[in-house]
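Data from work05.cif: mmCIF, C-alpha atoms (C1' of nucleotides)
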data_input
#
loop_
_atom_site.label_atom_id
_atom_site.label_comp_id
_atom_site.auth_asym_id
_atom_site.auth_seq_id
_atom_site.Cartn_x
_atom_site.Cartn_y
_atom_site.Cartn_z
CA MET A 1 63.38 89.08 -16.99
CA GLN A 2 63.30 85.32 -16.54
CA GLN A 3 60.22 84.38 -18.42
CA SER A 4 61.00 80.66 -18.19
CA LYS A 5 58.62 80.11 -15.27
CA ASN A 6 55.85 81.35 -17.45
CA VAL A 7 56.75 79.17 -20.38
CA GLU A 8 57.07 76.08 -18.22
CA GLN A 9 53.64 76.73 -16.77
CA LYS A 10 52.10 77.45 -20.15
CA ILE A 11 53.43 74.13 -21.42
CA ILE A 12 52.07 72.17 -18.48
CA ASP A 13 48.68 73.81 -18.79
CA ALA A 14 48.51 73.13 -22.50
CA ALA A 15 49.70 69.55 -22.08
CA TYR A 16 47.14 68.91 -19.36
CA ASP A 17 44.26 70.20 -21.46
CA THR A 18 45.39 68.35 -24.56
CA PHE A 19 45.91 65.02 -22.82
CA VAL A 20 42.62 65.26 -20.94
CA GLU A 21 40.74 65.99 -24.14
CA ASN A 22 42.44 63.45 -26.38
CA GLY A 23 44.15 60.80 -24.28
CA TYR A 24 47.77 59.77 -24.60
CA GLU A 25 47.65 58.51 -28.17
CA GLY A 26 45.32 61.22 -29.40
CA ALA A 27 47.33 64.09 -27.94
CA LYS A 28 50.06 65.34 -30.28
CA MET A 29 53.12 67.30 -29.25
CA ARG A 30 52.36 69.73 -32.06
CA ASP A 31 48.91 70.41 -30.61
CA ILE A 32 50.35 71.04 -27.18
CA ALA A 33 52.87 73.46 -28.60
CA LYS A 34 50.24 75.30 -30.60
CA ARG A 35 47.97 75.55 -27.57
CA ALA A 36 50.82 76.89 -25.44
CA ASP A 37 51.67 79.22 -28.29
CA ILE A 38 55.34 78.20 -28.31
CA ASN A 39 57.70 76.28 -30.55
CA ILE A 40 57.60 72.48 -30.43
CA SER A 41 61.24 72.24 -29.58
CA MET A 42 60.53 74.12 -26.37
CA LEU A 43 58.48 71.17 -25.17
CA HIS A 44 61.52 68.96 -25.43
CA TYR A 45 63.85 71.58 -24.08
CA TYR A 46 61.86 71.86 -20.86
CA TYR A 47 60.34 68.42 -20.47
CA ARG A 48 62.40 66.16 -22.75
CA SER A 49 59.66 63.74 -23.86
CA LYS A 50 55.98 63.21 -24.39
CA ASP A 51 55.95 60.46 -21.77
CA ASN A 52 57.32 62.87 -19.25
CA LEU A 53 54.66 65.46 -20.00
CA PHE A 54 52.03 62.78 -19.79
CA ASP A 55 53.11 61.69 -16.33
CA ILE A 56 52.88 65.25 -15.10
CA ALA A 57 49.47 65.74 -16.68
CA PHE A 58 48.17 62.49 -15.25
CA GLY A 59 49.39 63.45 -11.82
CA ARG A 60 47.54 66.71 -12.03
CA ALA A 61 44.37 64.98 -13.22
CA PHE A 62 44.55 62.47 -10.40
CA ASP A 63 45.11 65.19 -7.85
CA CYS A 64 42.26 67.20 -9.31
CA VAL A 65 39.78 64.42 -8.58
CA TYR A 66 41.27 62.60 -5.62
CA GLY A 67 43.30 65.28 -3.86
CA LYS A 68 40.53 66.51 -1.60
CA ILE A 69 38.88 63.09 -1.37
CA LEU A 70 41.97 61.47 0.11
CA GLY A 71 42.17 64.28 2.62
CA VAL A 72 38.63 63.58 3.78
CA LEU A 73 39.20 59.83 4.00
CA SER A 74 41.96 60.25 6.53
CA SER A 75 40.40 63.14 8.45
CA ASP A 76 38.85 62.73 11.89
CA ALA A 77 35.28 63.41 10.77
CA SER A 78 32.54 60.89 11.49
CA ILE A 79 31.62 58.26 8.92
CA ASN A 80 28.42 60.00 7.88
CA GLU A 81 30.17 63.34 7.67
CA LYS A 82 32.78 61.77 5.43
CA ILE A 83 30.17 60.32 3.13
CA GLU A 84 28.49 63.68 2.86
CA GLN A 85 31.76 65.47 2.18
CA ILE A 86 32.98 62.91 -0.34
CA VAL A 87 29.85 62.99 -2.45
CA GLY A 88 29.86 66.77 -2.32
CA ILE A 89 33.47 67.00 -3.41
CA TYR A 90 33.01 64.50 -6.23
CA ILE A 91 30.02 66.26 -7.72
CA ASP A 92 31.45 69.74 -7.32
CA THR A 93 34.85 68.77 -8.71
CA LEU A 94 33.44 66.86 -11.65
CA VAL A 95 30.98 69.57 -12.59
CA GLU A 96 34.03 71.79 -13.01
CA ASN A 97 36.16 69.09 -14.66
CA PRO A 98 33.80 66.75 -16.49
CA ARG A 99 36.36 65.15 -18.79
CA VAL A 100 38.95 64.27 -16.19
CA PRO A 101 37.47 60.96 -14.99
CA ASN A 102 37.36 59.58 -18.51
CA PHE A 103 40.99 60.53 -18.99
CA ILE A 104 42.10 58.87 -15.76
CA PHE A 105 40.26 55.62 -16.29
CA SER A 106 40.84 55.06 -19.95
CA GLU A 107 44.56 55.55 -19.50
CA ILE A 108 44.65 53.15 -16.57
CA ALA A 109 42.64 50.61 -18.52
CA GLN A 110 44.99 50.82 -21.49
CA LYS A 111 47.09 47.71 -21.50
CA SER A 112 49.92 49.49 -23.24
CA GLN A 113 50.55 51.66 -20.22
CA PRO A 114 53.24 50.27 -17.93
CA ASN A 115 51.71 49.27 -14.61
CA GLN A 116 54.43 50.88 -12.61
CA ARG A 117 53.44 54.28 -13.95
CA PHE A 118 50.41 54.23 -11.68
CA ALA A 119 51.86 52.38 -8.71
CA LYS A 120 52.26 55.43 -6.52
CA TYR A 121 48.60 56.36 -6.87
CA ARG A 122 47.64 52.94 -5.63
CA THR A 123 49.65 53.54 -2.48
CA MET A 124 48.15 56.97 -1.90
CA VAL A 125 44.60 55.69 -2.20
CA PHE A 126 45.26 52.65 -0.10
CA ASP A 127 46.85 54.58 2.73
CA ALA A 128 44.09 57.17 2.96
CA MET A 129 41.44 54.49 2.81
CA ALA A 130 42.99 52.52 5.63
CA VAL A 131 41.97 55.24 8.08
CA LEU A 132 38.30 55.09 7.14
CA LYS A 133 38.45 51.30 7.11
CA ARG A 134 39.58 51.18 10.74
CA GLN A 135 36.85 53.62 11.61
CA MET A 136 34.19 51.51 9.94
CA ASP A 137 35.47 48.23 11.33
CA LEU A 138 35.23 49.74 14.79
CA GLU A 139 31.65 50.88 14.29
CA ALA A 140 30.73 47.50 12.85
CA GLU A 141 32.10 45.78 15.97
CA LYS A 142 30.07 48.14 18.14
CA GLY A 143 27.08 47.17 16.02
CA SER A 144 26.17 50.69 14.92
CA ILE A 145 26.63 49.88 11.23
CA ARG A 146 26.81 46.65 9.28
CA SER A 147 30.13 45.12 8.34
CA VAL A 148 31.18 46.72 5.08
CA ASN A 149 33.55 45.59 2.35
CA MET A 150 35.63 48.64 1.51
CA MET A 151 35.93 47.96 -2.18
CA GLU A 152 32.18 47.60 -2.55
CA PHE A 153 31.59 50.66 -0.43
CA PHE A 154 33.84 52.87 -2.50
CA MET A 155 32.58 51.44 -5.72
CA ASP A 156 29.04 52.30 -4.68
CA ILE A 157 29.98 55.88 -3.95
CA GLU A 158 31.98 56.35 -7.13
CA SER A 159 29.28 54.64 -9.18
CA VAL A 160 26.71 57.29 -8.51
CA CYS A 161 29.13 60.22 -8.50
CA MET A 162 31.46 59.43 -11.38
CA TYR A 163 29.45 57.33 -13.78
CA PRO A 164 27.36 60.23 -15.04
CA PHE A 165 30.51 62.13 -15.97
CA LEU A 166 32.26 59.19 -17.55
CA THR A 167 29.34 58.69 -19.89
CA ARG A 168 28.08 62.24 -19.99
CA GLY A 169 28.53 62.60 -23.74
CA LEU A 170 26.16 59.75 -24.43
CA TRP A 171 23.41 60.94 -22.10
CA GLN A 172 23.51 64.48 -23.30
CA LYS A 173 23.28 63.36 -26.89
CA ILE A 174 20.48 60.87 -26.32
CA PHE A 175 18.35 63.13 -24.15
CA ASP A 176 19.39 66.36 -25.79
CA VAL A 177 20.48 67.96 -22.53
CA ASP A 178 22.93 70.86 -22.34
CA ASP A 179 25.86 71.13 -19.94
CA THR A 180 24.09 73.44 -17.52
CA SER A 181 21.00 71.26 -17.10
CA PHE A 182 23.08 68.13 -16.80
CA ASN A 183 25.19 69.66 -14.07
CA GLN A 184 22.16 71.02 -12.28
CA MET A 185 20.51 67.60 -12.34
CA LEU A 186 23.50 66.12 -10.52
CA ILE A 187 23.74 68.94 -8.03
CA ASN A 188 20.05 68.44 -7.27
CA ARG A 189 20.52 64.72 -6.70
CA LYS A 190 23.47 65.12 -4.34
CA GLU A 191 21.39 64.84 -1.17
CA SER A 192 19.58 61.77 -2.44
CA PHE A 193 22.90 60.10 -3.28
CA ILE A 194 24.15 60.81 0.22
CA ARG A 195 20.98 59.45 1.84
CA ASN A 196 21.15 56.23 -0.17
CA ILE A 197 24.76 55.58 0.69
CA ILE A 198 24.26 56.20 4.37
CA LYS A 199 21.24 53.92 4.30
CA SER A 200 23.24 51.20 2.54
CA ILE A 201 25.60 50.78 5.49
CA GLU A 202 22.87 50.80 8.12
CA LYS A 203 22.45 47.61 10.04
CA MET B 1 37.81 26.52 -52.06
CA GLN B 2 36.64 30.08 -51.50
CA GLN B 3 38.40 30.88 -48.28
CA SER B 4 37.49 34.57 -48.52
CA LYS B 5 34.60 34.26 -46.07
CA ASN B 6 37.02 32.98 -43.52
CA VAL B 7 39.51 35.75 -44.11
CA GLU B 8 36.84 38.42 -43.88
CA GLN B 9 35.65 37.01 -40.58
CA LYS B 10 39.17 36.66 -39.24
CA ILE B 11 39.80 40.30 -40.05
CA ILE B 12 36.64 41.49 -38.34
CA ASP B 13 37.37 39.44 -35.26
CA ALA B 14 40.93 40.69 -35.06
CA ALA B 15 39.86 44.28 -35.65
CA TYR B 16 37.23 44.06 -32.96
CA ASP B 17 39.62 42.71 -30.37
CA THR B 18 42.32 45.21 -31.25
CA PHE B 19 40.03 48.24 -31.18
CA VAL B 20 38.39 47.15 -27.93
CA GLU B 21 41.76 46.69 -26.27
CA ASN B 22 43.46 49.81 -27.57
CA GLY B 23 40.88 52.30 -28.78
CA TYR B 24 40.87 53.94 -32.18
CA GLU B 25 44.20 55.74 -31.95
CA GLY B 26 45.96 52.93 -30.10
CA ALA B 27 44.88 50.21 -32.51
CA LYS B 28 47.25 49.84 -35.47
CA MET B 29 46.43 48.21 -38.78
CA ARG B 30 49.65 46.21 -38.42
CA ASP B 31 48.44 44.75 -35.13
CA ILE B 32 45.10 43.81 -36.61
CA ALA B 33 46.80 42.07 -39.53
CA LYS B 34 49.18 40.21 -37.25
CA ARG B 35 46.33 39.10 -35.01
CA ALA B 36 44.34 37.89 -38.02
CA ASP B 37 47.51 36.26 -39.29
CA ILE B 38 47.20 37.84 -42.72
CA ASN B 39 49.01 40.47 -44.76
CA ILE B 40 48.27 44.15 -44.04
CA SER B 41 47.22 44.80 -47.59
CA MET B 42 44.40 42.28 -47.15
CA LEU B 43 42.81 44.62 -44.62
CA HIS B 44 42.55 47.29 -47.26
CA TYR B 45 41.56 44.86 -49.94
CA TYR B 46 38.52 43.75 -47.97
CA TYR B 47 37.63 46.80 -45.92
CA ARG B 48 39.38 49.70 -47.62
CA SER B 49 40.21 51.81 -44.56
CA LYS B 50 40.83 51.87 -40.85
CA ASP B 51 37.80 54.09 -40.31
CA ASN B 52 35.64 51.54 -42.01
CA LEU B 53 36.91 48.72 -39.82
CA PHE B 54 36.40 50.88 -36.79
CA ASP B 55 32.77 51.52 -37.60
CA ILE B 56 32.14 47.81 -37.93
CA ALA B 57 33.95 47.07 -34.68
CA PHE B 58 32.06 49.79 -32.83
CA GLY B 59 28.77 48.46 -34.11
CA ARG B 60 29.61 45.02 -32.83
CA ALA B 61 30.66 46.42 -29.45
CA PHE B 62 27.46 48.41 -29.14
CA ASP B 63 25.37 45.42 -30.08
CA CYS B 64 27.28 43.25 -27.64
CA VAL B 65 26.24 45.43 -24.70
CA TYR B 66 22.95 46.95 -25.80
CA GLY B 67 21.53 44.38 -28.20
CA LYS B 68 19.68 42.34 -25.61
CA ILE B 69 18.97 45.37 -23.41
CA LEU B 70 17.10 47.19 -26.13
CA GLY B 71 15.07 44.06 -26.75
CA VAL B 72 14.00 43.98 -23.11
CA LEU B 73 13.13 47.68 -23.03
CA SER B 74 10.55 47.28 -25.75
CA SER B 75 9.23 43.89 -24.66
CA ASP B 76 5.87 43.46 -22.94
CA ALA B 77 7.25 42.40 -19.57
CA SER B 78 6.28 44.31 -16.44
CA ILE B 79 8.44 47.14 -15.15
CA ASN B 80 9.90 45.10 -12.32
CA GLU B 81 10.60 42.17 -14.62
CA LYS B 82 12.39 44.51 -16.99
CA ILE B 83 14.56 45.88 -14.22
CA GLU B 84 15.47 42.39 -13.15
CA GLN B 85 16.26 41.29 -16.70
CA ILE B 86 18.24 44.40 -17.53
CA VAL B 87 20.51 44.18 -14.51
CA GLY B 88 21.00 40.48 -15.16
CA ILE B 89 21.92 41.03 -18.78
CA TYR B 90 24.31 43.85 -17.99
CA ILE B 91 26.21 41.91 -15.37
CA ASP B 92 26.33 38.69 -17.36
CA THR B 93 27.36 40.41 -20.58
CA LEU B 94 29.99 42.54 -18.94
CA VAL B 95 31.50 39.68 -17.00
CA GLU B 96 32.12 38.09 -20.39
CA ASN B 97 33.18 41.34 -22.09
CA PRO B 98 34.73 43.52 -19.41
CA ARG B 99 36.58 45.90 -21.71
CA VAL B 100 33.76 46.73 -24.05
CA PRO B 101 32.13 49.51 -22.01
CA ASN B 102 35.36 51.42 -21.78
CA PHE B 103 35.80 51.16 -25.51
CA ILE B 104 32.30 52.42 -26.25
CA PHE B 105 32.40 55.36 -23.91
CA SER B 106 35.90 56.61 -24.50
CA GLU B 107 35.31 56.67 -28.22
CA ILE B 108 32.03 58.52 -27.82
CA ALA B 109 33.66 60.99 -25.46
CA GLN B 110 36.49 61.70 -27.89
CA LYS B 111 35.88 65.06 -29.43
CA SER B 112 37.73 64.09 -32.58
CA GLN B 113 35.08 61.55 -33.50
CA PRO B 114 32.45 62.96 -35.84
CA ASN B 115 29.09 63.11 -34.07
CA GLN B 116 27.24 61.63 -36.97
CA ARG B 117 29.17 58.40 -36.62
CA PHE B 118 27.08 57.59 -33.55
CA ALA B 119 23.78 59.11 -34.59
CA LYS B 120 22.07 55.84 -35.47
CA TYR B 121 22.78 54.40 -32.02
CA ARG B 122 21.04 57.36 -30.46
CA THR B 123 17.95 56.59 -32.44
CA MET B 124 18.00 52.90 -31.52
CA VAL B 125 18.27 53.64 -27.82
CA PHE B 126 15.67 56.35 -27.91
CA ASP B 127 13.12 54.23 -29.72
CA ALA B 128 13.45 51.23 -27.44
CA MET B 129 13.34 53.44 -24.38
CA ALA B 130 10.13 55.12 -25.49
CA VAL B 131 8.23 51.91 -24.88
CA LEU B 132 9.32 51.62 -21.26
CA LYS B 133 8.73 55.32 -20.77
CA ARG B 134 5.06 55.03 -21.76
CA GLN B 135 4.75 52.04 -19.45
CA MET B 136 6.20 53.95 -16.52
CA ASP B 137 4.23 57.12 -17.19
CA LEU B 138 1.08 55.04 -17.11
CA GLU B 139 1.96 53.42 -13.80
CA ALA B 140 2.87 56.78 -12.36
CA GLU B 141 -0.55 58.14 -13.33
CA LYS B 142 -2.19 55.16 -11.67
CA GLY B 143 -0.10 55.98 -8.62
CA SER B 144 1.61 52.58 -8.33
CA ILE B 145 5.08 54.08 -8.75
CA ARG B 146 6.45 57.59 -8.42
CA SER B 147 6.94 59.77 -11.47
CA VAL B 148 10.35 58.95 -12.86
CA ASN B 149 12.73 60.89 -15.07
CA MET B 150 13.97 58.40 -17.66
CA MET B 151 17.47 59.74 -17.94
CA GLU B 152 17.97 59.56 -14.19
CA PHE B 153 16.41 56.12 -14.08
CA PHE B 154 18.69 54.68 -16.74
CA MET B 155 21.70 56.42 -15.33
CA ASP B 156 21.01 54.83 -11.96
CA ILE B 157 20.83 51.37 -13.49
CA GLU B 158 23.93 51.78 -15.61
CA SER B 159 25.80 53.36 -12.72
CA VAL B 160 25.73 50.25 -10.62
CA CYS B 161 26.06 47.79 -13.51
CA MET B 162 28.64 49.43 -15.74
CA TYR B 163 30.77 51.53 -13.47
CA PRO B 164 32.59 48.58 -11.93
CA PHE B 165 33.64 47.42 -15.38
CA LEU B 166 34.64 50.83 -16.65
CA THR B 167 37.02 51.21 -13.73
CA ARG B 168 37.75 47.59 -13.10
CA GLY B 169 41.49 47.96 -13.71
CA LEU B 170 41.83 50.44 -10.92
CA TRP B 171 39.88 48.47 -8.33
CA GLN B 172 41.63 45.23 -9.06
CA LYS B 173 45.01 46.88 -8.75
CA ILE B 174 44.20 48.75 -5.56
CA PHE B 175 42.54 45.85 -3.78
CA ASP B 176 44.63 43.14 -5.40
CA VAL B 177 41.61 41.21 -6.65
CA ASP B 178 41.77 38.77 -9.55
CA ASP B 179 39.27 38.57 -12.42
CA THR B 180 37.35 35.63 -10.99
CA SER B 181 36.75 37.18 -7.57
CA PHE B 182 35.85 40.52 -9.09
CA ASN B 183 33.28 38.91 -11.37
CA GLN B 184 31.92 36.80 -8.54
CA MET B 185 31.52 39.86 -6.36
CA LEU B 186 29.32 41.48 -8.99
CA ILE B 187 27.29 38.35 -9.62
CA ASN B 188 26.66 38.12 -5.90
CA ARG B 189 25.49 41.71 -5.73
CA LYS B 190 23.06 41.39 -8.62
CA GLU B 191 20.01 40.78 -6.43
CA SER B 192 20.86 43.68 -4.18
CA PHE B 193 21.24 45.99 -7.20
CA ILE B 194 17.82 44.93 -8.45
CA ARG B 195 16.20 45.47 -5.05
CA ASN B 196 17.64 48.96 -4.73
CA ILE B 197 16.50 50.04 -8.17
CA ILE B 198 12.98 48.72 -7.67
CA LYS B 199 12.86 50.46 -4.31
CA SER B 200 14.02 53.73 -5.88
CA ILE B 201 10.91 54.01 -8.06
CA GLU B 202 8.47 53.11 -5.29
CA LYS B 203 6.09 55.79 -4.27
"C1'" DG C 1 43.11 36.95 -53.90
"C1'" DT C 2 47.60 37.38 -52.09
"C1'" DC C 3 52.07 39.07 -51.80
"C1'" DT C 4 56.18 42.72 -51.92
"C1'" DA C 5 57.57 47.12 -52.28
"C1'" DT C 6 56.99 51.60 -51.57
"C1'" DA C 7 54.63 56.05 -51.60
"C1'" DG C 8 53.48 59.69 -48.63
"C1'" DC C 9 52.49 61.66 -44.50
"C1'" DG C 10 52.51 62.77 -39.67
"C1'" DG C 11 54.69 61.93 -35.50
"C1'" DG C 12 58.54 62.60 -31.73
"C1'" DA C 13 62.88 64.08 -31.19
"C1'" DT C 14 67.44 66.53 -32.03
"C1'" DA C 15 71.26 69.45 -34.10
"C1'" DG C 16 72.88 73.69 -34.49
"C1'" DA C 17 72.52 78.67 -35.64
"C1'" DC C 18 71.40 82.72 -33.25
"C1'" DG D 1 66.31 80.18 -24.28
"C1'" DT D 2 64.40 80.23 -28.72
"C1'" DC D 3 64.02 79.24 -33.51
"C1'" DT D 4 64.60 76.57 -38.14
"C1'" DA D 5 65.64 72.67 -40.38
"C1'" DT D 6 65.73 68.07 -40.49
"C1'" DC D 7 66.25 63.22 -39.11
"C1'" DC D 8 64.04 59.01 -38.84
"C1'" DC D 9 60.58 56.07 -37.62
"C1'" DG D 10 55.95 54.12 -37.82
"C1'" DC D 11 51.67 54.58 -39.75
"C1'" DT D 12 47.89 54.08 -43.46
"C1'" DA D 13 47.24 53.22 -47.95
"C1'" DT D 14 48.20 51.89 -52.77
"C1'" DA D 15 50.61 50.13 -57.03
"C1'" DG D 16 51.74 46.35 -59.35
"C1'" DA D 17 53.77 41.62 -59.91
"C1'" DC D 18 52.21 36.99 -59.48
#

Could the structure of this file be written out as structure tokens, please?
Amino acid sequence: MQQSKNVEQKIIDAAYDTFVENGYEGAKMRDIAKRADINISMLHYYYRSKDNLFDIAFGRAFDCVYGKILGVLSSDASINEKIEQIVGIYIDTLVENPRVPNFIFSEIAQKSQPNQRFAKYRTMVFDAMAVLKRQMDLEAEKGSIRSVNMMEFFMDIESVCMYPFLTRGLWQKIFDVDDTSFNQMLINRKESFIRNIIKSIEK
Amino acid sequence: MQQSKNVEQKIIDAAYDTFVENGYEGAKMRDIAKRADINISMLHYYYRSKDNLFDIAFGRAFDCVYGKILGVLSSDASINEKIEQIVGIYIDTLVENPRVPNFIFSEIAQKSQPNQRFAKYRTMVFDAMAVLKRQMDLEAEKGSIRSVNMMEFFMDIESVCMYPFLTRGLWQKIFDVDDTSFNQMLINRKESFIRNIIKSIEK
DNA sequence: GTCTATAGCGGGATAGAC
DNA sequence: GTCTATCCCGCTATAGAC
């Protein structure tokens, strides 16, 4: 009888898609309602405000990209295994969700967004990263890898994995490449990305 | 007497800053007027519509990042010189204009934007790139470098140069780094970026 | 050219009937 | 829980006085 679970889920799904496609300002409550195939007032009945829906959608987007990554960071795999897994997860996840990175980063970059809104994600990332940092510091002391700055290290990984998706629209338009070929190109380059990153921390 | 030149320029400057900071949807005509310290109706008097102002602002943003780059691509420098110059220009330009890349790419990614609006930029990039492509094809035939896919090549360069700026907000928040240190970090890594790219096209 | 006033619309949100 | 009607604000754009 209770169909409310379904409606709630339909709203969240529609809100997520709409925000990811259009950003906070570009997403309209009316569009979300239409997409969920329900009345606008239902959005407010269940979730009270647009801001509220946005927070939920952003959380899902963040988890979509970083959920598995954070798990790997704090696992007990070796450094090289982690690099391999991380690159693999990034590429695979982003092939399936190409617009999510752009959503995450443009909203974070937006000055208008209150900083506090994203504070908890900072903590999550930082905590998971601390594990790998200890691991790498230890290896550096032993002399098996060079001493690595964590911010640079992560930036290097994300550069190769996420940049293509952030700017995908441009590349596909310029080089007239369709989604399938673009994805395949990245899947093909996975191994080379992994090799380069591993090489970059060698002594 | 004629102060209109000044007003026109003030409007363009204010529009540019406002669009770059907030994107198309986030930028309000009221904010632009306030920033230019003029009456809203002056915006319409001189530039008729928001769309019109946006196009001008986007053009300036594009030129800010790619103006010099396109010049280098079609110059008669050697391949390695071009790589060195391009990385240098990217880093230097983006240190001065850190928010511009995000503006360019989120607007291009936005589905709502008519494709045609960006068509001319495609042509500009493609033309300039053709010169370097011929150059590299020739070297590849001679066997002095490996055969290189241009899209992958450019993506690799932009990855390392632009990604840090696109996602700058996140990194600075997570690692608690201020603007100066962040910029310095990238300036310091310039040479290493150049070395890696040159190495990546070696046979 | 510059201002005020306001049209006109689209947006988020709510009241209240059912 | 769901719908209709509507409030009210903020936005772009324009009309018209000066």

For this session: Restrict the distance test to only C-alpha atoms, flag each residue of chain B within 8 Å of chain A, and return the flagged residues as a PyMOL selection string.
Result: chain B and resi 21-22+25-26+102+105-106+108-112+122-123+125-126+151+155-156+159-160+163-164+166-171+173-175

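Note that CA of Lys199 in chain B and CA of Ile194 in chain A are 16.0 Å apart.
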
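The residues returned by the PyMOL selection byres ((chain C) within 10 of (chain B)) for this structure are DG1, DT2 and DC3 of chain C.
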
Sorted by chain and rising residue number, list the residues of chain D at most 12 Å from chain A (counting all atoms listed in the file), each with its closest atom pair and distance in Å to one decimal, as JSON lines.
{"residue": "D:DG1", "atom": "C1'", "partner": "A:Ser4", "partner_atom": "CA", "distance": 8.1}
{"residue": "D:DT2", "atom": "C1'", "partner": "A:Met42", "partner_atom": "CA", "distance": 7.6}
{"residue": "D:DC3", "atom": "C1'", "partner": "A:Asn39", "partner_atom": "CA", "distance": 7.6}
{"residue": "D:DT4", "atom": "C1'", "partner": "A:Ser41", "partner_atom": "CA", "distance": 10.2}
{"residue": "D:DA5", "atom": "C1'", "partner": "A:Ser41", "partner_atom": "CA", "distance": 11.7}

For this session: Work out how far apart CA of Val95 in chain B and CA of Val65 in chain B are and give it in Å to one decimal.
Result: 11.0 Å

Problem set entry | Surrounding residues of Ala36 in chain B excluding itself and chain neighbours under 2 positions, 8 Å, all atoms listed in the file, as a list in words | Lys10, Ile11, Asp13, Ala14, Ile32, Ala33, Lys34 and Ile38 of chain B
